[in-house]
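These notes concern the structure reproduced below.
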Amino acid sequence: MYVCTLFMMDRNQVQNAIVGVVASVLAFGALWIKILKNKKEIASHPRVNRDYERENYINNCIGALDGTHVRTSVPFNIQGRFRNRKGGTTQNVLAAITFDLKFSYVLAGWEGSAHDSRILRDALSRLRGLRIPKGKYYLADAGYGIRNGCITPYRGVRYHLKEFSDQGPENAKELFNLRHSSLRITIERVFGILKKWFRVLDAEPFWNFQT
């Protein structure tokens with residue numbers, strides 16, 4: 001209602017404006033979304049080759065995947081399913097990205113209460129869902145568990161970059177986690193850039209869930 005009042009427009013006009021903006025974004029999708037070629041072999045990203053493959057820690061990696069919560073407005077009778085751990089109603093959006101900050105896959109619509117691993121299973125099972133070439137993988141956080149096509153960090157040892165600020169890695173597991181974290185943080189950068197460009201994704205929604 002705030003936007004309606006601010007621009008002196010009714011809800012239908014605001015909704016039509018949003019649909020128009022989304023259509024424009026989709027029209028420019030080819031510039032912002034990188035589709036991975038479905039061939040037997042997909043070369044690892046140059047950054048991974050250059051910085052880490054010679055150390056034999058990160059090989060055959062084609063990107064990173066993670067989920068992000070987008071605020072949503074849903075009918076009262078289903079709000080419980082969409083309520084996340086922080087108490088807000090959101091949808092949990094899964095995305096896979098390459099290391100040059102381009103999306104290779106996005107799946108929206110899941111409830112905010114849904115676990116990341118469940119959403120990934122759904123993405124992998126869909127006819128036109130996420131496809132991970134044999135022998136390749138995405139970096140993912142520990143919440144996605146151990147599965148083919150995903151490499152997660154070691155549990156029970158330091159992982160986040162800030163944890164290594166005072167003292168570097170002390171063993172092979174910590175070194176792997178440091179390499180993993182320094183690459184996987186790319187997807188957090190992508191989410192931050194996306195929400196900065198399209199602030200409506202992080203604002204109180206004034207359109208219905210179907211929109």
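For the structure tokens, the naming scheme is as follows: chains receive sequential letters (A, B, ...) according to their order of presentation, residues are indexed from 1 within each chain, and ligands are indexed from 1 in presentation order.
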Inset, instruction - Just list the residues in range 17-205 of chain A DSSP gives alpha helix (DSSP H) on the backbone, as a PyMOL selection string. - result: chain A and resi 17-27+29-32+46-51+79-82+116-125+172-197
Inset, instruction - List every residue of range 17-196 of chain A that DSSP, applied to the backbone of this structure, assigns to strand (DSSP E), and report them as a VMD selection string. - result: chain A and resid 61 to 71 90 to 97 103 to 111 137 to 139 150 to 151
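Atom to atom, CA of Ser113 in chain A and CA of Arg85 in chain A stand 7.2 Å apart.
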Inset, instruction - Fewer than 5 positions away in the same chain doesn't count, so skip those; otherwise give me all residues within 9 Å of Thr186 in chain A, counting only C-alpha atoms, as a PyMOL selection string. - result: chain A and resi 63-64+97-101+181+191
Legend entry - Top pick for closest residue to Ala114 in chain A, considering A:Ala142, A:Gly135, A:Arg158, A:Arg81 and counting only C-alpha atoms: A:Arg81
Inset, instruction - Rank A:Tyr154, A:Phe164, A:Trp110, A:Tyr138 by their smallest atom-to-atom distance to Thr68 in chain A, using only C-alpha atoms, and report the top residue only. - result: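 Using only C-alpha atoms, the shortest distance to Thr68 in chain A belongs to A:Trp110.
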Inset, instruction - Would you kindly return, as a ChimeraX atom specification, each protein, DNA or RNA residue with an atom no farther than 9 Å from any atom of range 116-119 of chain A, considering only C-alpha atoms and excluding same-chain residues fewer than 5 positions away? - result: /A:66-67,92-94,107,110,124,143-145
May I have the residues from that selection written out with all heavy atoms, as a JSON list (two decimals), in the first residue's frame?
[["chain", "number", "residue", "atom", "x", "y", "z"],
["A", 66, "ASP", "N", 23.42, -22.25, -3.79],
["A", 66, "ASP", "CA", 22.94, -21.91, -2.45],
["A", 66, "ASP", "C", 21.51, -21.40, -2.58],
["A", 66, "ASP", "O", 21.00, -21.21, -3.69],
["A", 66, "ASP", "CB", 23.83, -20.83, -1.81],
["A", 66, "ASP", "CG", 23.72, -20.81, -0.29],
["A", 66, "ASP", "OD1", 22.92, -21.61, 0.26],
["A", 66, "ASP", "OD2", 24.42, -20.01, 0.35],
["A", 67, "GLY", "N", 20.87, -21.17, -1.44],
["A", 67, "GLY", "CA", 19.53, -20.63, -1.42],
["A", 67, "GLY", "C", 19.52, -19.24, -0.82],
["A", 67, "GLY", "O", 20.39, -18.89, -0.02],
["A", 92, "ASN", "N", 12.02, -19.73, -0.45],
["A", 92, "ASN", "CA", 13.43, -20.12, -0.47],
["A", 92, "ASN", "C", 13.82, -20.38, -1.92],
["A", 92, "ASN", "O", 13.34, -21.34, -2.54],
["A", 92, "ASN", "CB", 13.63, -21.37, 0.38],
["A", 92, "ASN", "CG", 15.09, -21.66, 0.66],
["A", 92, "ASN", "OD1", 15.98, -21.07, 0.03],
["A", 92, "ASN", "ND2", 15.36, -22.57, 1.58],
["A", 93, "VAL", "N", 14.66, -19.54, -2.48],
["A", 93, "VAL", "CA", 15.02, -19.61, -3.90],
["A", 93, "VAL", "C", 16.40, -20.25, -4.05],
["A", 93, "VAL", "O", 17.38, -19.76, -3.49],
["A", 93, "VAL", "CB", 15.03, -18.21, -4.53],
["A", 93, "VAL", "CG1", 15.40, -18.29, -6.01],
["A", 93, "VAL", "CG2", 13.67, -17.54, -4.36],
["A", 94, "LEU", "N", 16.45, -21.34, -4.80],
["A", 94, "LEU", "CA", 17.72, -22.02, -5.08],
["A", 94, "LEU", "C", 18.34, -21.43, -6.34],
["A", 94, "LEU", "O", 17.66, -21.21, -7.34],
["A", 94, "LEU", "CB", 17.50, -23.52, -5.27],
["A", 94, "LEU", "CG", 18.70, -24.32, -5.79],
["A", 94, "LEU", "CD1", 19.78, -24.41, -4.71],
["A", 94, "LEU", "CD2", 18.27, -25.72, -6.23],
["A", 107, "LEU", "N", 15.62, -21.81, -9.21],
["A", 107, "LEU", "CA", 14.33, -22.45, -8.89],
["A", 107, "LEU", "C", 13.67, -21.66, -7.77],
["A", 107, "LEU", "O", 14.16, -21.62, -6.64],
["A", 107, "LEU", "CB", 14.53, -23.90, -8.46],
["A", 107, "LEU", "CG", 13.26, -24.64, -8.01],
["A", 107, "LEU", "CD1", 12.23, -24.71, -9.13],
["A", 107, "LEU", "CD2", 13.59, -26.04, -7.50],
["A", 110, "TRP", "N", 9.58, -22.33, -3.60],
["A", 110, "TRP", "CA", 9.53, -23.18, -2.42],
["A", 110, "TRP", "C", 9.27, -22.35, -1.17],
["A", 110, "TRP", "O", 9.72, -21.22, -1.04],
["A", 110, "TRP", "CB", 10.83, -23.96, -2.27],
["A", 110, "TRP", "CG", 10.80, -25.29, -2.97],
["A", 110, "TRP", "CD1", 11.21, -25.56, -4.24],
["A", 110, "TRP", "CD2", 10.34, -26.52, -2.42],
["A", 110, "TRP", "NE1", 11.02, -26.87, -4.53],
["A", 110, "TRP", "CE2", 10.49, -27.51, -3.42],
["A", 110, "TRP", "CE3", 9.81, -26.90, -1.18],
["A", 110, "TRP", "CZ2", 10.13, -28.83, -3.23],
["A", 110, "TRP", "CZ3", 9.45, -28.23, -0.99],
["A", 110, "TRP", "CH2", 9.61, -29.18, -2.00],
["A", 124, "LEU", "N", 16.93, -31.32, -9.00],
["A", 124, "LEU", "CA", 17.61, -32.37, -9.74],
["A", 124, "LEU", "C", 16.63, -33.35, -10.38],
["A", 124, "LEU", "O", 16.94, -34.00, -11.38],
["A", 124, "LEU", "CB", 18.56, -33.13, -8.82],
["A", 124, "LEU", "CG", 19.77, -32.34, -8.31],
["A", 124, "LEU", "CD1", 20.50, -33.12, -7.21],
["A", 124, "LEU", "CD2", 20.73, -32.03, -9.46],
["A", 143, "GLY", "N", 24.68, -27.69, 4.63],
["A", 143, "GLY", "CA", 23.25, -27.98, 4.70],
["A", 143, "GLY", "C", 22.74, -28.85, 3.56],
["A", 143, "GLY", "O", 21.65, -29.43, 3.67],
["A", 144, "TYR", "N", 23.49, -28.95, 2.48],
["A", 144, "TYR", "CA", 23.06, -29.77, 1.35],
["A", 144, "TYR", "C", 23.47, -31.23, 1.47],
["A", 144, "TYR", "O", 23.10, -32.06, 0.65],
["A", 144, "TYR", "CB", 23.60, -29.18, 0.04],
["A", 144, "TYR", "CG", 22.91, -27.89, -0.34],
["A", 144, "TYR", "CD1", 23.47, -26.65, 0.00],
["A", 144, "TYR", "CD2", 21.69, -27.90, -0.99],
["A", 144, "TYR", "CE1", 22.83, -25.47, -0.33],
["A", 144, "TYR", "CE2", 21.04, -26.71, -1.30],
["A", 144, "TYR", "CZ", 21.62, -25.51, -0.98],
["A", 144, "TYR", "OH", 20.97, -24.34, -1.29],
["A", 145, "GLY", "N", 24.26, -31.55, 2.49],
["A", 145, "GLY", "CA", 24.63, -32.93, 2.72],
["A", 145, "GLY", "C", 25.60, -33.46, 1.68],
["A", 145, "GLY", "O", 26.08, -32.74, 0.81]]
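Compared by their closest atoms to Val190 in chain A, and using only C-alpha atoms, the residues A:Ala203, A:Cys61, A:Val19, A:Ala96 rank with A:Ala96 nearest.
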Inset, instruction - Pick out the residues sitting within 12 Å of Gly156 in chain A, and hand them over as a ChimeraX atom specification; count only C-alpha atoms, and ignore anything fewer than 6 positions along from it in its own chain. - result: /A:142,173-174,177
Would you write out those residues with N, CA and C atoms, as an mmCIF file, in the first residue's frame?
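Dumped to result.cif:
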data_model
loop_
_atom_site.group_PDB
_atom_site.id
_atom_site.type_symbol
_atom_site.label_atom_id
_atom_site.label_comp_id
_atom_site.auth_asym_id
_atom_site.auth_seq_id
_atom_site.Cartn_x
_atom_site.Cartn_y
_atom_site.Cartn_z
ATOM 1 N N ALA A 142 27.272 -26.983 4.040
ATOM 2 C CA ALA A 142 27.045 -28.276 4.693
ATOM 3 C C ALA A 142 25.579 -28.662 4.748
ATOM 4 N N LYS A 173 42.321 -30.429 6.428
ATOM 5 C CA LYS A 173 40.882 -30.173 6.403
ATOM 6 C C LYS A 173 40.594 -28.674 6.469
ATOM 7 N N GLU A 174 41.306 -27.972 7.317
ATOM 8 C CA GLU A 174 41.093 -26.526 7.414
ATOM 9 C C GLU A 174 41.533 -25.822 6.137
ATOM 10 N N ASN A 177 38.776 -26.339 3.644
ATOM 11 C CA ASN A 177 37.640 -25.483 3.969
ATOM 12 C C ASN A 177 37.899 -24.027 3.595
#
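Proximity of A:Asn148, A:Lys136, A:Phe76, A:Glu188 to Asn59 in chain A, computed with only C-alpha atoms, is greatest for A:Lys136.
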Inset, instruction - For CA of Gln167 in chain A and CA of Thr152 in chain A, determine how far apart the two atoms are, in Å to one decimal place. - result: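 Taking CA of Gln167 in chain A and CA of Thr152 in chain A, their separation equals 22.3 Å.
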